[in-house]
Amino acid sequence: MEQYIMKGGNSLAGEVQIGGAKNAALGILAAAIMTDEDVYIDNLPDVNDINVLLEAIQHIGAVVSRVNRHAVRINAESIHAISVEDEYMRRIRASYYFIGALLGKYKSAEVPLPGGCNIGSRPIDLHIKGFRALGAKVEIERGVVMAHAIDLVGSHIYLDKVSVGATINIMMAASLAEGQTIIENAAKEPHVVDVANFLNSMGANIRGAGTDVIRIKGVNRLHGTEYSIIPDQIEAGTFMCAAAATRGDVTVRNVIPKHLESISAKLKEIGCEVVELDDAVRVVGGNRQTRTNINTQPYPGFPTDMQPQMTVALALAEGTSIVTESIFENRFKYVDELARMGSNIQVEGNVAIISGVRRLKGAQVNAPDLRAGAALVIAGLSAEGYTVVDEIGYIERGYEHFEEKLRSLGAVIEKVDSQKEARKFMLKVG
Ligand code: EPZ
């Protein structure tokens, strides 16, 4: 099983190019099947989740041609199935976007329920509520969401909880419904706006994405388009936290600074210098940082996907910090792994009480999920001695060439897949 092995202690320094947003690309790739004309998408992140979704799109019959690692051409005219194999749903949750896309285009979709995952149960009741409000009959048979409609008719939908997935899924189905749909209490994340902009570039009529109320006027059909994905806010934030935790000086390039405001604000609060440029943000970790409190919220609040990475920076900051995870019910599993490295964090339900320590010590740790895995790497890079992070498949689902980008910033880190290779690394770096 592949692992990352690293020797901590170097302050990261230099510039790193940020890739396309995974969570925008997943919605956009699903939406791309809603037309029978050519769709060209670039600035795709070359990560496993994207590659699996492209496989699933091919599997239902669309023609997918990879132009290069970061660009793809899709033509969905040849789609012959409205049901998606469970194999794909088990590998990536975002396969649920096929429900909105297939229901919108073919008025029919059969997609397995996504399983829960390591950060919570993650139901899709709000997605289903939206599809039913548009007139679809939605049943769950043997773990498969069976959604069928004679016609989809616009409706006024209030989401009881702010949900990125439900907002995107309903937006897709409503794009080809008759009449107007209003989504109240909609998610405002940059990737929701990116999917709306993509659908509009295909001829959809969506207004208000990025606000609490999204209005969609259904159209008869969608046409082909060429589109470039926005930069990944969470990949950028991850490198910004790595700069803080290693007291380095890192500039993340090809970003939209506005998308990073809540992260930049918190890094400034703990004492980092944060400089915003046109399409870049520079973070100087400086000396030991000081405490602050974090409460994860839907955008524009502090992102839940940045909670583990920020917790690592706070684990090293002076004073006691409190991190409240308000989005997912089980997103502190990685704290047990951090404790093996000498952190002093008490988890009570969805609150972590962090007493900063001067230094962490390297250890063998396990990545419990994508963002926590990245956070454990940040911890290893700041720690004394060697750290080995296992289960890095989670990390590679959402970070492209993670260890290479970190090495380009001076990190002493390699991907190994045997004890022998790990020993070679230790002999090499001493
Ligand atoms: C998206 O998940 C992201 N994934 C997640 O990123 C991210 O953490 C999350 O949004 C919040 O920003 C993708 O975009 C592929 P939600 P999603 O629906 O859409 C509850 C990563 O690391 N809820 O906004 O599934 C849900 O349980 C991943 O890249 C319902 O109760 O998240 C959660 O508590 C991790 N019923 C809250 O709402 C529903 O029908 C927010 O979930 C849907 C959601």
# chains A, B, ... in the order shown; residues from 1 in each chain; ligands from 1

call {"tool": "select_by_dssp", "arguments": {"residues": "segment 160-403 of chain A", "states": "helix (DSSP H, G or I)", "output": "VMD selection string"}}
result
chain A and resid 164 to 175 190 to 201 233 to 245 257 to 269 304 to 315 334 to 339 370 to 382 393 to 396 402 to 403

call {"tool": "residues_near_ligand", "arguments": {"ligand": "ligand 1", "cutoff": "7 Å", "atoms": "only C-alpha atoms and all ligand atoms", "output": "PyMOL selection string"}}
result
chain A and resi 23-24+26+93-94+120-127+161-166+298+303-305+327-329+370-371+398

call {"tool": "write_last_selection", "arguments": {"atoms": "N, CA and C atoms", "output": "PDB file, in the first residue's frame"}}
result
ATOM      1  N   ASN A  23     -14.393  20.012  -6.700  1.00  0.00           N
ATOM      2  CA  ASN A  23     -15.829  19.957  -6.404  1.00  0.00           C
ATOM      3  C   ASN A  23     -16.667  20.748  -7.395  1.00  0.00           C
ATOM      4  N   ALA A  24     -16.006  21.603  -8.182  1.00  0.00           N
ATOM      5  CA  ALA A  24     -16.716  22.248  -9.304  1.00  0.00           C
ATOM      6  C   ALA A  24     -16.722  21.291 -10.485  1.00  0.00           C
ATOM      7  N   LEU A  26     -16.614  18.065 -10.609  1.00  0.00           N
ATOM      8  CA  LEU A  26     -17.507  16.899 -10.482  1.00  0.00           C
ATOM      9  C   LEU A  26     -18.927  17.265 -10.928  1.00  0.00           C
ATOM     10  N   ARG A  93     -18.759   9.567  -4.197  1.00  0.00           N
ATOM     11  CA  ARG A  93     -20.100  10.006  -3.808  1.00  0.00           C
ATOM     12  C   ARG A  93     -20.718  10.896  -4.876  1.00  0.00           C
ATOM     13  N   ALA A  94     -19.900  11.650  -5.570  1.00  0.00           N
ATOM     14  CA  ALA A  94     -20.432  12.671  -6.499  1.00  0.00           C
ATOM     15  C   ALA A  94     -21.145  12.042  -7.682  1.00  0.00           C
ATOM     16  N   GLY A 120     -19.267  11.486   8.085  1.00  0.00           N
ATOM     17  CA  GLY A 120     -20.654  11.618   8.521  1.00  0.00           C
ATOM     18  C   GLY A 120     -21.570  10.748   7.677  1.00  0.00           C
ATOM     19  N   SER A 121     -22.877  10.757   8.008  1.00  0.00           N
ATOM     20  CA  SER A 121     -23.800   9.848   7.314  1.00  0.00           C
ATOM     21  C   SER A 121     -24.086  10.351   5.894  1.00  0.00           C
ATOM     22  N   ARG A 122     -24.136  11.646   5.724  1.00  0.00           N
ATOM     23  CA  ARG A 122     -24.282  12.290   4.409  1.00  0.00           C
ATOM     24  C   ARG A 122     -25.485  11.793   3.614  1.00  0.00           C
ATOM     25  N   PRO A 123     -26.686  12.012   4.144  1.00  0.00           N
ATOM     26  CA  PRO A 123     -27.911  11.619   3.429  1.00  0.00           C
ATOM     27  C   PRO A 123     -28.112  12.469   2.179  1.00  0.00           C
ATOM     28  N   ILE A 124     -29.044  12.055   1.306  1.00  0.00           N
ATOM     29  CA  ILE A 124     -29.383  12.909   0.142  1.00  0.00           C
ATOM     30  C   ILE A 124     -30.880  13.199   0.112  1.00  0.00           C
ATOM     31  N   ASP A 125     -31.481  13.295   1.301  1.00  0.00           N
ATOM     32  CA  ASP A 125     -32.925  13.567   1.385  1.00  0.00           C
ATOM     33  C   ASP A 125     -33.300  14.901   0.745  1.00  0.00           C
ATOM     34  N   LEU A 126     -32.414  15.903   0.835  1.00  0.00           N
ATOM     35  CA  LEU A 126     -32.738  17.228   0.255  1.00  0.00           C
ATOM     36  C   LEU A 126     -32.707  17.172  -1.273  1.00  0.00           C
ATOM     37  N   HIS A 127     -31.791  16.363  -1.805  1.00  0.00           N
ATOM     38  CA  HIS A 127     -31.749  16.187  -3.266  1.00  0.00           C
ATOM     39  C   HIS A 127     -33.108  15.606  -3.701  1.00  0.00           C
ATOM     40  N   LYS A 161     -31.584  22.612   4.905  1.00  0.00           N
ATOM     41  CA  LYS A 161     -30.177  22.799   5.294  1.00  0.00           C
ATOM     42  C   LYS A 161     -29.436  23.327   4.065  1.00  0.00           C
ATOM     43  N   VAL A 162     -28.399  24.102   4.258  1.00  0.00           N
ATOM     44  CA  VAL A 162     -27.595  24.547   3.111  1.00  0.00           C
ATOM     45  C   VAL A 162     -26.815  23.327   2.619  1.00  0.00           C
ATOM     46  N   SER A 163     -27.066  22.945   1.396  1.00  0.00           N
ATOM     47  CA  SER A 163     -26.418  21.736   0.856  1.00  0.00           C
ATOM     48  C   SER A 163     -25.845  22.021  -0.530  1.00  0.00           C
ATOM     49  N   VAL A 164     -24.529  21.877  -0.657  1.00  0.00           N
ATOM     50  CA  VAL A 164     -23.868  22.086  -1.958  1.00  0.00           C
ATOM     51  C   VAL A 164     -24.417  21.096  -2.978  1.00  0.00           C
ATOM     52  N   GLY A 165     -24.425  19.830  -2.610  1.00  0.00           N
ATOM     53  CA  GLY A 165     -24.845  18.785  -3.557  1.00  0.00           C
ATOM     54  C   GLY A 165     -26.286  18.937  -3.975  1.00  0.00           C
ATOM     55  N   ALA A 166     -27.164  19.198  -3.009  1.00  0.00           N
ATOM     56  CA  ALA A 166     -28.600  19.330  -3.354  1.00  0.00           C
ATOM     57  C   ALA A 166     -28.818  20.555  -4.242  1.00  0.00           C
ATOM     58  N   PRO A 298     -21.198  27.181   6.013  1.00  0.00           N
ATOM     59  CA  PRO A 298     -21.284  27.257   4.542  1.00  0.00           C
ATOM     60  C   PRO A 298     -20.615  28.547   4.057  1.00  0.00           C
ATOM     61  N   PRO A 303     -14.535  27.198   5.582  1.00  0.00           N
ATOM     62  CA  PRO A 303     -14.967  25.933   4.980  1.00  0.00           C
ATOM     63  C   PRO A 303     -14.680  24.704   5.831  1.00  0.00           C
ATOM     64  N   THR A 304     -15.653  23.818   5.912  1.00  0.00           N
ATOM     65  CA  THR A 304     -15.449  22.560   6.649  1.00  0.00           C
ATOM     66  C   THR A 304     -14.286  21.769   6.040  1.00  0.00           C
ATOM     67  N   ASP A 305     -14.068  21.921   4.743  1.00  0.00           N
ATOM     68  CA  ASP A 305     -12.978  21.158   4.086  1.00  0.00           C
ATOM     69  C   ASP A 305     -11.599  21.690   4.446  1.00  0.00           C
ATOM     70  N   ILE A 327     -20.753  21.445  10.208  1.00  0.00           N
ATOM     71  CA  ILE A 327     -21.345  20.890   8.986  1.00  0.00           C
ATOM     72  C   ILE A 327     -21.478  19.380   9.067  1.00  0.00           C
ATOM     73  N   PHE A 328     -20.413  18.694   9.445  1.00  0.00           N
ATOM     74  CA  PHE A 328     -20.451  17.220   9.483  1.00  0.00           C
ATOM     75  C   PHE A 328     -20.329  16.715  10.909  1.00  0.00           C
ATOM     76  N   GLU A 329     -20.957  15.559  11.154  1.00  0.00           N
ATOM     77  CA  GLU A 329     -21.030  15.093  12.554  1.00  0.00           C
ATOM     78  C   GLU A 329     -19.835  14.254  13.000  1.00  0.00           C
ATOM     79  N   LEU A 370      -9.990  12.369   2.959  1.00  0.00           N
ATOM     80  CA  LEU A 370      -9.204  13.220   2.055  1.00  0.00           C
ATOM     81  C   LEU A 370      -8.535  14.404   2.734  1.00  0.00           C
ATOM     82  N   ARG A 371      -9.332  15.263   3.386  1.00  0.00           N
ATOM     83  CA  ARG A 371      -8.775  16.517   3.927  1.00  0.00           C
ATOM     84  C   ARG A 371      -7.968  16.227   5.198  1.00  0.00           C
ATOM     85  N   GLY A 398      -8.169  13.884  -4.195  1.00  0.00           N
ATOM     86  CA  GLY A 398      -8.488  15.314  -4.333  1.00  0.00           C
ATOM     87  C   GLY A 398      -7.299  16.226  -4.507  1.00  0.00           C
TER      88      GLY A 398
END

call {"tool": "select_by_dssp", "arguments": {"residues": "segment 87-318 of chain A", "states": "strand (DSSP E)", "output": "number ranges by chain"}}
result
A: 108-112, 137-141, 144-148, 156-158, 180-184, 205-207, 214-217, 225-228, 249-253, 273-276, 280-284, 293-295

call {"tool": "closest_residue", "arguments": {"among": "A:Val39, A:Met1, A:Ile322, A:Ala21", "to": "Asp194 of chain A", "atoms": "only C-alpha atoms"}}
result
A:Ala21

call {"tool": "atom_distance", "arguments": {"atom1": "atom CA of Glu139 of chain A", "atom2": "atom CA of Lys188 of chain A"}}
result
28.6 Å

call {"tool": "closest_residue", "arguments": {"among": "A:Ile183, A:Ala383, A:Ile214, A:Ala372", "to": "Lys129 of chain A", "atoms": "only C-alpha atoms"}}
result
A:Ile183

call {"tool": "residues_around", "arguments": {"residues": "Leu409 of chain A", "least_positions_apart": "5", "cutoff": "10 Å", "atoms": "only C-alpha atoms", "output": "number ranges by chain"}}
result
A: 10-16, 239, 243, 248-251, 403-404

call {"tool": "closest_residue", "arguments": {"among": "A:Val195, A:Val323, A:Ile353, A:Gly362", "to": "Arg340 of chain A", "atoms": "only C-alpha atoms"}}
result
A:Gly362
